[in-house]
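Have a look at upload.csv below; it lists CSV, N, CA, C and O atoms.
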chain,number,residue,atom,x,y,z
A,1,MET,N,1.5,8.0,-6.0
A,1,MET,CA,2.9,7.7,-5.7
A,1,MET,C,3.1,6.2,-6.0
A,1,MET,O,2.4,5.4,-5.6
A,2,ALA,N,4.2,6.0,-6.7
A,2,ALA,CA,4.6,4.6,-7.0
A,2,ALA,C,5.4,4.0,-5.9
A,2,ALA,O,5.9,4.7,-5.0
A,3,ALA,N,5.4,2.7,-5.8
A,3,ALA,CA,6.1,2.0,-4.8
A,3,ALA,C,7.6,2.3,-5.0
A,3,ALA,O,8.1,2.4,-6.1
A,4,LYS,N,8.3,2.4,-3.9
A,4,LYS,CA,9.8,2.7,-4.0
A,4,LYS,C,10.5,1.3,-3.6
A,4,LYS,O,10.0,0.6,-2.7
A,5,VAL,N,11.5,1.0,-4.3
A,5,VAL,CA,12.3,-0.2,-4.0
A,5,VAL,C,13.6,0.1,-3.3
A,5,VAL,O,14.3,0.9,-3.8
A,6,TYR,N,13.8,-0.6,-2.2
A,6,TYR,CA,15.0,-0.5,-1.4
A,6,TYR,C,15.9,-1.7,-1.7
A,6,TYR,O,15.3,-2.9,-1.5
A,7,THR,N,17.1,-1.6,-2.1
A,7,THR,CA,17.9,-2.7,-2.6
A,7,THR,C,18.8,-3.2,-1.4
A,7,THR,O,19.4,-2.5,-0.7
A,8,GLY,N,18.8,-4.6,-1.3
A,8,GLY,CA,19.7,-5.3,-0.4
A,8,GLY,C,20.5,-6.3,-1.1
A,8,GLY,O,20.3,-6.6,-2.3
A,9,PRO,N,21.5,-6.9,-0.5
A,9,PRO,CA,22.3,-7.9,-1.1
A,9,PRO,C,21.6,-9.3,-1.4
A,9,PRO,O,22.0,-9.9,-2.3
A,10,VAL,N,20.6,-9.6,-0.6
A,10,VAL,CA,20.0,-10.9,-0.8
A,10,VAL,C,18.6,-10.7,-1.4
A,10,VAL,O,18.2,-11.5,-2.3
A,11,LEU,N,17.9,-9.6,-1.0
A,11,LEU,CA,16.6,-9.3,-1.6
A,11,LEU,C,16.3,-7.9,-1.4
A,11,LEU,O,17.0,-7.1,-0.7
A,12,ASP,N,15.3,-7.4,-2.1
A,12,ASP,CA,14.9,-6.0,-2.1
A,12,ASP,C,13.5,-5.9,-1.4
A,12,ASP,O,12.8,-6.9,-1.3
A,13,VAL,N,13.2,-4.7,-0.9
A,13,VAL,CA,11.9,-4.4,-0.3
A,13,VAL,C,11.3,-3.3,-1.0
A,13,VAL,O,11.8,-2.3,-1.2
A,14,SER,N,10.0,-3.5,-1.4
A,14,SER,CA,9.2,-2.5,-2.1
A,14,SER,C,8.2,-2.0,-1.1
A,14,SER,O,7.7,-2.7,-0.3
A,15,PHE,N,8.1,-0.6,-1.1
A,15,PHE,CA,7.2,0.0,-0.2
A,15,PHE,C,6.3,1.0,-0.9
A,15,PHE,O,6.8,1.9,-1.6
A,16,ASP,N,5.0,0.9,-0.7
A,16,ASP,CA,4.0,1.8,-1.3
A,16,ASP,C,3.4,2.6,-0.2
A,16,ASP,O,2.5,2.1,0.6
A,17,GLY,N,3.8,3.9,0.0
A,17,GLY,CA,3.3,4.7,1.1
A,17,GLY,C,1.8,5.1,1.0
A,17,GLY,O,1.2,5.3,2.0
A,18,GLU,N,1.2,5.0,-0.2
A,18,GLU,CA,-0.2,5.3,-0.3
A,18,GLU,C,-1.0,4.1,0.3
A,18,GLU,O,-2.2,4.3,0.6
A,19,VAL,N,-0.5,3.0,0.3
A,19,VAL,CA,-1.2,1.8,0.8
A,19,VAL,C,-1.0,1.6,2.3
A,19,VAL,O,-1.8,1.0,3.0
A,20,CYS,N,0.1,2.0,2.8
A,20,CYS,CA,0.5,1.8,4.2
A,20,CYS,C,-0.5,2.3,5.2
A,20,CYS,O,-1.0,3.4,5.0
A,21,ARG,N,-0.8,1.6,6.2
A,21,ARG,CA,-1.8,1.9,7.3
A,21,ARG,C,-1.1,2.2,8.6
A,21,ARG,O,-1.7,2.3,9.6
A,22,HIS,N,0.2,2.2,8.6
A,22,HIS,CA,1.1,2.5,9.8
A,22,HIS,C,0.8,1.6,11.0
A,22,HIS,O,0.7,2.1,12.1
A,23,ALA,N,0.6,0.4,10.7
A,23,ALA,CA,0.4,-0.6,11.8
A,23,ALA,C,1.7,-0.9,12.6
A,23,ALA,O,1.7,-1.4,13.7
A,24,ALA,N,2.9,-0.5,12.0
A,24,ALA,CA,4.2,-0.7,12.6
A,24,ALA,C,4.6,-2.1,12.8
A,24,ALA,O,5.5,-2.4,13.6
A,25,GLU,N,4.0,-3.1,12.1
A,25,GLU,CA,4.5,-4.5,12.2
A,25,GLU,C,5.9,-4.6,11.8
A,25,GLU,O,6.7,-5.3,12.4
A,26,CYS,N,6.3,-3.8,10.8
A,26,CYS,CA,7.7,-3.9,10.3
A,26,CYS,C,8.7,-3.4,11.3
A,26,CYS,O,9.7,-4.0,11.6
A,27,VAL,N,8.3,-2.2,11.9
A,27,VAL,CA,9.3,-1.6,12.8
A,27,VAL,C,9.4,-2.4,14.1
A,27,VAL,O,10.5,-2.6,14.6
A,28,ARG,N,8.3,-3.0,14.5
A,28,ARG,CA,8.4,-3.9,15.7
A,28,ARG,C,9.1,-5.2,15.4
A,28,ARG,O,9.8,-5.8,16.2
A,29,GLY,N,8.9,-5.7,14.1
A,29,GLY,CA,9.4,-7.0,13.8
A,29,GLY,C,10.8,-7.1,13.4
A,29,GLY,O,11.5,-8.0,13.7
A,30,MET,N,11.4,-6.0,12.9
A,30,MET,CA,12.8,-6.0,12.5
A,30,MET,C,13.3,-4.5,12.5
A,30,MET,O,13.5,-3.9,11.4
A,31,PRO,N,13.4,-3.9,13.7
A,31,PRO,CA,13.8,-2.5,13.7
A,31,PRO,C,15.2,-2.2,13.1
A,31,PRO,O,15.4,-1.0,12.8
A,32,GLU,N,16.0,-3.2,13.0
A,32,GLU,CA,17.3,-2.9,12.4
A,32,GLU,C,17.2,-2.6,10.9
A,32,GLU,O,18.1,-2.0,10.3
A,33,VAL,N,16.1,-3.1,10.3
A,33,VAL,CA,15.9,-2.8,8.9
A,33,VAL,C,14.9,-1.7,8.7
A,33,VAL,O,15.1,-0.8,7.8
A,34,PHE,N,13.9,-1.6,9.5
A,34,PHE,CA,12.9,-0.6,9.4
A,34,PHE,C,13.1,0.5,10.5
A,34,PHE,O,12.6,0.3,11.6
A,35,ASP,N,13.8,1.5,10.2
A,35,ASP,CA,14.1,2.5,11.2
A,35,ASP,C,13.6,3.9,10.8
A,35,ASP,O,14.2,4.5,9.9
A,36,VAL,N,12.5,4.3,11.4
A,36,VAL,CA,11.8,5.6,10.9
A,36,VAL,C,12.7,6.8,11.2
A,36,VAL,O,12.4,7.9,10.6
A,37,ALA,N,13.7,6.7,12.0
A,37,ALA,CA,14.6,7.8,12.3
A,37,ALA,C,15.7,8.0,11.3
A,37,ALA,O,16.4,9.0,11.3
A,38,ALA,N,15.9,6.9,10.5
A,38,ALA,CA,17.0,6.9,9.5
A,38,ALA,C,16.5,7.3,8.2
A,38,ALA,O,15.3,7.2,7.8
A,39,ARG,N,17.4,7.7,7.3
A,39,ARG,CA,17.1,7.9,5.9
A,39,ARG,C,18.2,7.2,5.1
A,39,ARG,O,19.3,7.5,5.2
A,40,PRO,N,17.8,6.3,4.2
A,40,PRO,CA,16.4,5.8,4.0
A,40,PRO,C,15.9,5.0,5.2
A,40,PRO,O,16.8,4.4,5.9
A,41,TRP,N,14.7,5.0,5.4
A,41,TRP,CA,14.1,4.3,6.6
A,41,TRP,C,14.1,2.8,6.5
A,41,TRP,O,13.9,2.1,7.5
A,42,ILE,N,14.2,2.3,5.2
A,42,ILE,CA,14.2,0.8,5.0
A,42,ILE,C,15.6,0.5,4.5
A,42,ILE,O,16.1,1.1,3.5
A,43,ASP,N,16.3,-0.4,5.2
A,43,ASP,CA,17.7,-0.8,4.8
A,43,ASP,C,17.8,-2.3,4.7
A,43,ASP,O,18.2,-3.0,5.7
A,44,PRO,N,17.4,-2.9,3.6
A,44,PRO,CA,17.5,-4.4,3.5
A,44,PRO,C,18.9,-4.9,3.4
A,44,PRO,O,19.2,-6.1,3.5
A,45,ALA,N,19.9,-4.0,3.4
A,45,ALA,CA,21.3,-4.4,3.4
A,45,ALA,C,21.7,-5.1,4.7
A,45,ALA,O,22.6,-5.9,4.8
A,46,VAL,N,20.9,-4.8,5.7
A,46,VAL,CA,21.2,-5.3,7.1
A,46,VAL,C,20.8,-6.8,7.0
A,46,VAL,O,21.5,-7.6,7.8
A,47,ALA,N,19.9,-7.3,6.2
A,47,ALA,CA,19.6,-8.7,6.1
A,47,ALA,C,20.4,-9.3,5.0
A,47,ALA,O,20.0,-9.7,4.0
A,48,ALA,N,21.7,-9.5,5.4
A,48,ALA,CA,22.7,-10.0,4.4
A,48,ALA,C,23.0,-11.5,4.5
A,48,ALA,O,23.6,-12.0,3.6
A,49,THR,N,22.4,-12.1,5.5
A,49,THR,CA,22.6,-13.6,5.7
A,49,THR,C,21.3,-14.3,5.3
A,49,THR,O,20.2,-13.6,5.2
A,50,ASP,N,21.4,-15.6,5.0
A,50,ASP,CA,20.1,-16.3,4.7
A,50,ASP,C,19.1,-16.3,5.8
A,50,ASP,O,17.9,-16.1,5.6
A,51,ALA,N,19.6,-16.4,7.1
A,51,ALA,CA,18.7,-16.3,8.2
A,51,ALA,C,18.0,-15.0,8.4
A,51,ALA,O,16.8,-14.9,8.6
A,52,SER,N,18.8,-13.9,8.3
A,52,SER,CA,18.2,-12.6,8.4
A,52,SER,C,17.3,-12.2,7.2
A,52,SER,O,16.3,-11.6,7.4
A,53,ALA,N,17.6,-12.7,6.0
A,53,ALA,CA,16.8,-12.5,4.9
A,53,ALA,C,15.4,-13.3,5.1
A,53,ALA,O,14.4,-12.7,4.7
A,54,GLN,N,15.5,-14.4,5.6
A,54,GLN,CA,14.3,-15.2,5.9
A,54,GLN,C,13.4,-14.5,6.9
A,54,GLN,O,12.2,-14.4,6.8
A,55,GLN,N,14.0,-13.9,8.0
A,55,GLN,CA,13.3,-13.1,9.0
A,55,GLN,C,12.7,-11.9,8.3
A,55,GLN,O,11.5,-11.6,8.6
A,56,LEU,N,13.4,-11.3,7.4
A,56,LEU,CA,12.8,-10.1,6.7
A,56,LEU,C,11.6,-10.5,5.9
A,56,LEU,O,10.6,-9.8,5.9
A,57,ARG,N,11.7,-11.7,5.2
A,57,ARG,CA,10.5,-12.2,4.4
A,57,ARG,C,9.3,-12.3,5.3
A,57,ARG,O,8.2,-12.0,5.0
A,58,GLU,N,9.5,-12.9,6.5
A,58,GLU,CA,8.4,-13.2,7.5
A,58,GLU,C,7.8,-11.9,8.0
A,58,GLU,O,6.6,-11.7,8.1
A,59,VAL,N,8.7,-10.9,8.3
A,59,VAL,CA,8.2,-9.6,8.8
A,59,VAL,C,7.4,-8.9,7.7
A,59,VAL,O,6.3,-8.4,8.0
A,60,VAL,N,7.9,-8.9,6.5
A,60,VAL,CA,7.2,-8.2,5.4
A,60,VAL,C,5.9,-9.0,5.2
A,60,VAL,O,4.8,-8.3,4.9
A,61,GLY,N,5.8,-10.2,5.3
A,61,GLY,CA,4.6,-11.0,5.1
A,61,GLY,C,3.5,-10.7,6.1
A,61,GLY,O,2.4,-11.0,5.9
A,62,ARG,N,3.9,-10.1,7.3
A,62,ARG,CA,2.9,-9.7,8.3
A,62,ARG,C,2.4,-8.3,8.1
A,62,ARG,O,1.5,-7.9,8.8
A,63,CYS,N,2.8,-7.6,7.0
A,63,CYS,CA,2.3,-6.3,6.8
A,63,CYS,C,0.8,-6.4,6.5
A,63,CYS,O,0.4,-7.0,5.5
A,64,PRO,N,0.0,-5.8,7.3
A,64,PRO,CA,-1.5,-6.0,7.1
A,64,PRO,C,-2.1,-5.3,5.9
A,64,PRO,O,-3.1,-5.7,5.4
A,65,SER,N,-1.4,-4.2,5.4
A,65,SER,CA,-1.9,-3.5,4.3
A,65,SER,C,-1.4,-4.0,3.0
A,65,SER,O,-2.0,-3.7,1.9
A,66,GLY,N,-0.3,-4.7,3.0
A,66,GLY,CA,0.4,-5.1,1.7
A,66,GLY,C,1.3,-4.0,1.1
A,66,GLY,O,1.7,-4.1,0.0
A,67,ALA,N,1.5,-3.0,1.9
A,67,ALA,CA,2.4,-1.9,1.4
A,67,ALA,C,3.8,-2.3,1.2
A,67,ALA,O,4.5,-1.8,0.4
A,68,LEU,N,4.2,-3.3,2.0
A,68,LEU,CA,5.6,-3.9,1.9
A,68,LEU,C,5.5,-5.2,1.1
A,68,LEU,O,4.6,-6.0,1.3
A,69,GLN,N,6.5,-5.3,0.2
A,69,GLN,CA,6.6,-6.5,-0.6
A,69,GLN,C,8.0,-6.9,-0.7
A,69,GLN,O,8.9,-6.0,-0.8
A,70,ILE,N,8.3,-8.2,-0.8
A,70,ILE,CA,9.7,-8.7,-1.0
A,70,ILE,C,9.9,-8.8,-2.6
A,70,ILE,O,9.0,-9.3,-3.3
A,71,VAL,N,11.0,-8.3,-3.0
A,71,VAL,CA,11.4,-8.5,-4.4
A,71,VAL,C,12.7,-9.4,-4.4
A,71,VAL,O,13.7,-9.0,-4.0
A,72,GLU,N,12.5,-10.6,-4.8
A,72,GLU,CA,13.6,-11.6,-4.8
A,72,GLU,C,14.6,-11.3,-5.9
A,72,GLU,O,14.1,-10.8,-7.0
A,73,HIS,N,15.8,-11.5,-5.7
A,73,HIS,CA,16.8,-11.3,-6.8
A,73,HIS,C,16.8,-12.5,-7.7
A,73,HIS,O,16.5,-13.5,-7.4
Same coordinates, now as structure tokens:
Amino acid sequence: MAAKVYTGPVLDVSFDGEVCRHAAECVRGMPEVFDVAARPWIDPAVAATDASAQQLREVVGRCPSGALQIVEH
């Protein structure tokens, strides 16, 4: 499975489900973006301000498996 890219207004988030170890750092770190009950479950459109985009960068940076990556515009 190839990584899937979720598009947002400031940045995109790439997710590779084969790499994910389900540590849930993303869900705990920014549940408004990473909502496993929603489809799609990643919504970087929520991070529309510079401050929230920076928070999203930090949360993705804590992903222990590297399954999540930021794609800058």
Task: Sel. of alpha helix (DSSP H) residues, chain A, as a VMD selection string - done: chain A and resid 25 to 29 50 to 61
Open item on the list: Which residues are near Ala47 (chain A)? Cut-off 10 Å, only C-alpha atoms, ignore same chain within fewer than 5 positions. Put them as a ChimeraX atom specification.
Closed with: /A:8-12,30,32-33,52-57
TODO: Please tell me which residues are no farther than 12 Å from (0.6, -1.7, 12.3) in the file, counting only C-alpha atoms, and write them as a ChimeraX atom specification.
DONE: /A:20-29,59-60,62-68
- [ ] Find, counting all atoms listed in the file, the residue in A:Val71, A:Val19, A:Val13, A:Ala3 that gets nearest to Ile42 (chain A).
- [x] A:Val13
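Note that the spacing between CA of Thr49 (chain A) and CA of Ala2 (chain A) amounts to 28.6 Å.
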- [ ] Tell me, in Å to one decimal, how far CA of Ala37 (chain A) is from CA of His73 (chain A).
- [x] 27.1 Å
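Here atom C of Ala51 (chain A) and atom N of Glu72 (chain A) stand 15.0 Å from one another.
Proximity of A:Ile70, A:Ser14, A:Thr7, A:Gly61 to Asp43 (chain A), computed with only N, CA, C and O atoms, is greatest for A:Thr7.
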Residues flagged strand (DSSP E) by DSSP in chain A, as a JSON list (two decimals) with N, CA, C and O atoms, keeping the file's coordinate frame:
[["chain", "number", "residue", "atom", "x", "y", "z"],
["A", 4, "LYS", "N", 8.30, 2.40, -3.90],
["A", 4, "LYS", "CA", 9.80, 2.70, -4.00],
["A", 4, "LYS", "C", 10.50, 1.30, -3.60],
["A", 4, "LYS", "O", 10.00, 0.60, -2.70],
["A", 5, "VAL", "N", 11.50, 1.00, -4.30],
["A", 5, "VAL", "CA", 12.30, -0.20, -4.00],
["A", 5, "VAL", "C", 13.60, 0.10, -3.30],
["A", 5, "VAL", "O", 14.30, 0.90, -3.80],
["A", 6, "TYR", "N", 13.80, -0.60, -2.20],
["A", 6, "TYR", "CA", 15.00, -0.50, -1.40],
["A", 6, "TYR", "C", 15.90, -1.70, -1.70],
["A", 6, "TYR", "O", 15.30, -2.90, -1.50],
["A", 11, "LEU", "N", 17.90, -9.60, -1.00],
["A", 11, "LEU", "CA", 16.60, -9.30, -1.60],
["A", 11, "LEU", "C", 16.30, -7.90, -1.40],
["A", 11, "LEU", "O", 17.00, -7.10, -0.70],
["A", 12, "ASP", "N", 15.30, -7.40, -2.10],
["A", 12, "ASP", "CA", 14.90, -6.00, -2.10],
["A", 12, "ASP", "C", 13.50, -5.90, -1.40],
["A", 12, "ASP", "O", 12.80, -6.90, -1.30],
["A", 13, "VAL", "N", 13.20, -4.70, -0.90],
["A", 13, "VAL", "CA", 11.90, -4.40, -0.30],
["A", 13, "VAL", "C", 11.30, -3.30, -1.00],
["A", 13, "VAL", "O", 11.80, -2.30, -1.20],
["A", 14, "SER", "N", 10.00, -3.50, -1.40],
["A", 14, "SER", "CA", 9.20, -2.50, -2.10],
["A", 14, "SER", "C", 8.20, -2.00, -1.10],
["A", 14, "SER", "O", 7.70, -2.70, -0.30],
["A", 15, "PHE", "N", 8.10, -0.60, -1.10],
["A", 15, "PHE", "CA", 7.20, 0.00, -0.20],
["A", 15, "PHE", "C", 6.30, 1.00, -0.90],
["A", 15, "PHE", "O", 6.80, 1.90, -1.60],
["A", 68, "LEU", "N", 4.20, -3.30, 2.00],
["A", 68, "LEU", "CA", 5.60, -3.90, 1.90],
["A", 68, "LEU", "C", 5.50, -5.20, 1.10],
["A", 68, "LEU", "O", 4.60, -6.00, 1.30],
["A", 69, "GLN", "N", 6.50, -5.30, 0.20],
["A", 69, "GLN", "CA", 6.60, -6.50, -0.60],
["A", 69, "GLN", "C", 8.00, -6.90, -0.70],
["A", 69, "GLN", "O", 8.90, -6.00, -0.80],
["A", 70, "ILE", "N", 8.30, -8.20, -0.80],
["A", 70, "ILE", "CA", 9.70, -8.70, -1.00],
["A", 70, "ILE", "C", 9.90, -8.80, -2.60],
["A", 70, "ILE", "O", 9.00, -9.30, -3.30],
["A", 71, "VAL", "N", 11.00, -8.30, -3.00],
["A", 71, "VAL", "CA", 11.40, -8.50, -4.40],
["A", 71, "VAL", "C", 12.70, -9.40, -4.40],
["A", 71, "VAL", "O", 13.70, -9.00, -4.00],
["A", 72, "GLU", "N", 12.50, -10.60, -4.80],
["A", 72, "GLU", "CA", 13.60, -11.60, -4.80],
["A", 72, "GLU", "C", 14.60, -11.30, -5.90],
["A", 72, "GLU", "O", 14.10, -10.80, -7.00]]
